[in-house]
Amino acid sequence: VGARRLDGAGLAARLRAELAPRAARFEARHGRPPGLGIVLAGQRPESEIYVRNKLKAVADAGCRAELVRVDEHATIDECRRVVQRLNDDEATDAILVQSPLPPGMGADAERRLFESIASAKDVDGFHPENVGRLVQKRPTLVACTPLGCIELLEREQIAIAGCHAVVIGRSDIVGKPMALLLLHRDATVTICPSRTQDLPQIAANADILVAALGRPGFVTRDFVKPGATVVDVGINVLTDAAEVARFFAADSPKQRSFAQKGSVLIGDVHPNVDEVAGAITPVPGGVGPLTIAMVLRNTITAAELRAGGAAA
Ligand code: GUN
């Protein structure tokens, strides 16, 4: 039988349909659509896909979407000038700098660029002011992936209050904001770096287990309490046949897909978790599409807030 699938792709499609009228109302009131600017440095294949999907979702809902490409070898100052131009542009309500940045920009480039975005336009919620507001549970723009995970749990009526939630991974992009959103909904939250001692035992206490560390199939069935809800944030590409064989049975759909395309996606959660979990997000079609829908929602929210109107 296996665990109940939490259909992120289906929910994302519904959210996008719900959000289009909000974008149209904004345009009717203000004479222009909500506008998103994306800064993409370099040409990493995964980032190209994420950015294309964000641009399409935002444009399909009737917003304006602008992509500004920056050369892989550009300096951080060149990137900052692009961000500044978008900060100054009245018709741009929302800005994001796609992560990761090219390694040549230096270790702290990401933080420096995230904090150069005007906090009112910070659609990713990565600006320290917005992170601070999230910590204090004040209204703010919140990171899109955690927001999508919460939306899915709530719409699937998975109880958060009073439960034990374990978040594996403590990145600024997913782990930390995820833990805060769960905490604000009265979960007891444990945040685990991957080096946590006895990680499987701690994870196996979780009613809600969030895997966000970026390692293919890391969370195996011994990490999961029977019946628990598992949210798989990882999106990893396998291209090695031996790796694929390690995770997927010979006649499985994933193996067939690998035979056709030469690559296959796997989350941070091992396929054998399906046998113990109560509910689980698939990869692909789980958290990924929800992140995209939340970029759209935050773009519209930022536009409404900038225009001084109530964020409906
Ligand atoms: N890279 C992976 N996830 C994200 C995200 O949510 N926003 C940005 N800007 N980059 C990312």
# chains A, B, ... in the order shown; residues from 1 in each chain; ligands from 1

call {"tool": "select_by_dssp", "arguments": {"residues": "range 59-255 of chain A", "states": "alpha helix (DSSP H)", "output": "ChimeraX atom specification"}}
result
/A:59-60,76-88,109-114,128-135,144-155,175-184,199-203,241-247,253-255

call {"tool": "residues_near_ligand", "arguments": {"ligand": "ligand 1", "cutoff": "6 Å", "atoms": "only C-alpha atoms and all ligand atoms", "output": "compact mmCIF listing (two decimals) with N, CA and C atoms, in the first residue's frame"}}
result
# COMPACT_ATOMS: atom_id res chain seq x y z
N LEU A 96 14.33 38.57 -6.32
CA LEU A 96 15.11 37.49 -5.72
C LEU A 96 16.40 37.26 -6.49
N VAL A 97 17.41 36.90 -5.74
CA VAL A 97 18.70 36.51 -6.31
C VAL A 97 18.76 34.99 -6.19
N GLN A 98 18.80 34.29 -7.31
CA GLN A 98 18.78 32.84 -7.25
C GLN A 98 20.06 32.31 -6.61
N SER A 99 19.88 31.38 -5.70
CA SER A 99 20.99 30.72 -5.01
C SER A 99 21.17 29.32 -5.62
N PRO A 100 22.35 28.75 -5.68
CA PRO A 100 23.63 29.30 -5.21
C PRO A 100 24.26 30.23 -6.25
N ASP A 124 11.96 36.37 -1.16
CA ASP A 124 12.45 35.13 -0.55
C ASP A 124 12.46 35.20 0.98
N CYS A 144 10.06 30.92 0.75
CA CYS A 144 8.99 30.28 -0.03
C CYS A 144 8.88 28.78 0.20
N THR A 145 9.99 28.07 0.33
CA THR A 145 9.92 26.62 0.49
C THR A 145 9.25 26.24 1.81

call {"tool": "closest_atom_pairs", "arguments": {"of": "range 181-270 of chain A", "to": "range 159-170 of chain A", "cutoff": "8 Å", "atoms": "only C-alpha atoms", "output": "CSV"}}
result
residue,atom,partner,partner_atom,distance
A:Leu182,CA,A:Ile160,CA,7.0
A:Arg185,CA,A:Ala161,CA,5.6
A:Asp186,CA,A:Ala161,CA,4.5
A:Ala187,CA,A:Ala161,CA,4.9
A:Thr188,CA,A:His164,CA,4.8
A:Val189,CA,A:Ala165,CA,4.9
A:Thr190,CA,A:Val166,CA,4.8
A:Ile191,CA,A:Val167,CA,4.9
A:Cys192,CA,A:Ile168,CA,4.8
A:Pro193,CA,A:Gly169,CA,5.1
A:Ser194,CA,A:Gly169,CA,6.3
A:Ile202,CA,A:Val166,CA,7.8
A:Ala203,CA,A:Val166,CA,6.0
A:Asn205,CA,A:His164,CA,7.2
A:Ala206,CA,A:His164,CA,5.2
A:Asp207,CA,A:His164,CA,5.4
A:Ile208,CA,A:Ala165,CA,4.6
A:Leu209,CA,A:Val166,CA,5.0
A:Val210,CA,A:Val167,CA,4.7
A:Ala211,CA,A:Ile168,CA,5.1
A:Ala212,CA,A:Gly169,CA,5.0
A:Leu213,CA,A:Gly169,CA,4.5

call {"tool": "residues_around", "arguments": {"residues": "range 153-157 of chain A", "least_positions_apart": "3", "cutoff": "10 Å", "atoms": "only C-alpha atoms", "output": "list of chain:residue names"}}
result
A:Leu6, A:Asp7, A:Gly8, A:Leu11, A:Gly148, A:Cys149, A:Ile150, A:Ile160, A:Ile208, A:Thr229, A:Val231, A:Ala279

call {"tool": "closest_residue", "arguments": {"among": "A:Ile173, A:Cys63, A:Ala259, A:Val273", "to": "Thr291 in chain A", "atoms": "only C-alpha atoms"}}
result
A:Ile173

call {"tool": "atom_distance", "arguments": {"atom1": "CA of Ala65 in chain A", "atom2": "CA of Leu36 in chain A"}}
result
4.9 Å

call {"tool": "closest_residue", "arguments": {"among": "A:Ile49, A:Val224, A:Ile38, A:Ala91", "to": "Asp274 in chain A", "atoms": "only C-alpha atoms"}}
result
A:Val224

call {"tool": "residues_around", "arguments": {"residues": "Phe218 in chain A", "least_positions_apart": "4", "cutoff": "8 Å", "atoms": "only C-alpha atoms", "output": "list in words"}}
result
Asp268, Val269 and His270 of chain A

call {"tool": "select_by_dssp", "arguments": {"residues": "range 88-221 of chain A", "states": "strand (DSSP E)", "output": "PyMOL selection string"}}
result
chain A and resi 94-97+164-168+188-192+208-211

call {"tool": "closest_residue", "arguments": {"among": "A:Pro226, A:Gly62, A:Pro284, A:Met178", "to": "Lys254 in chain A", "atoms": "only C-alpha atoms"}}
result
A:Pro284

call {"tool": "atom_distance", "arguments": {"atom1": "CA of Glu110 in chain A", "atom2": "CA of His127 in chain A"}}
result
10.6 Å
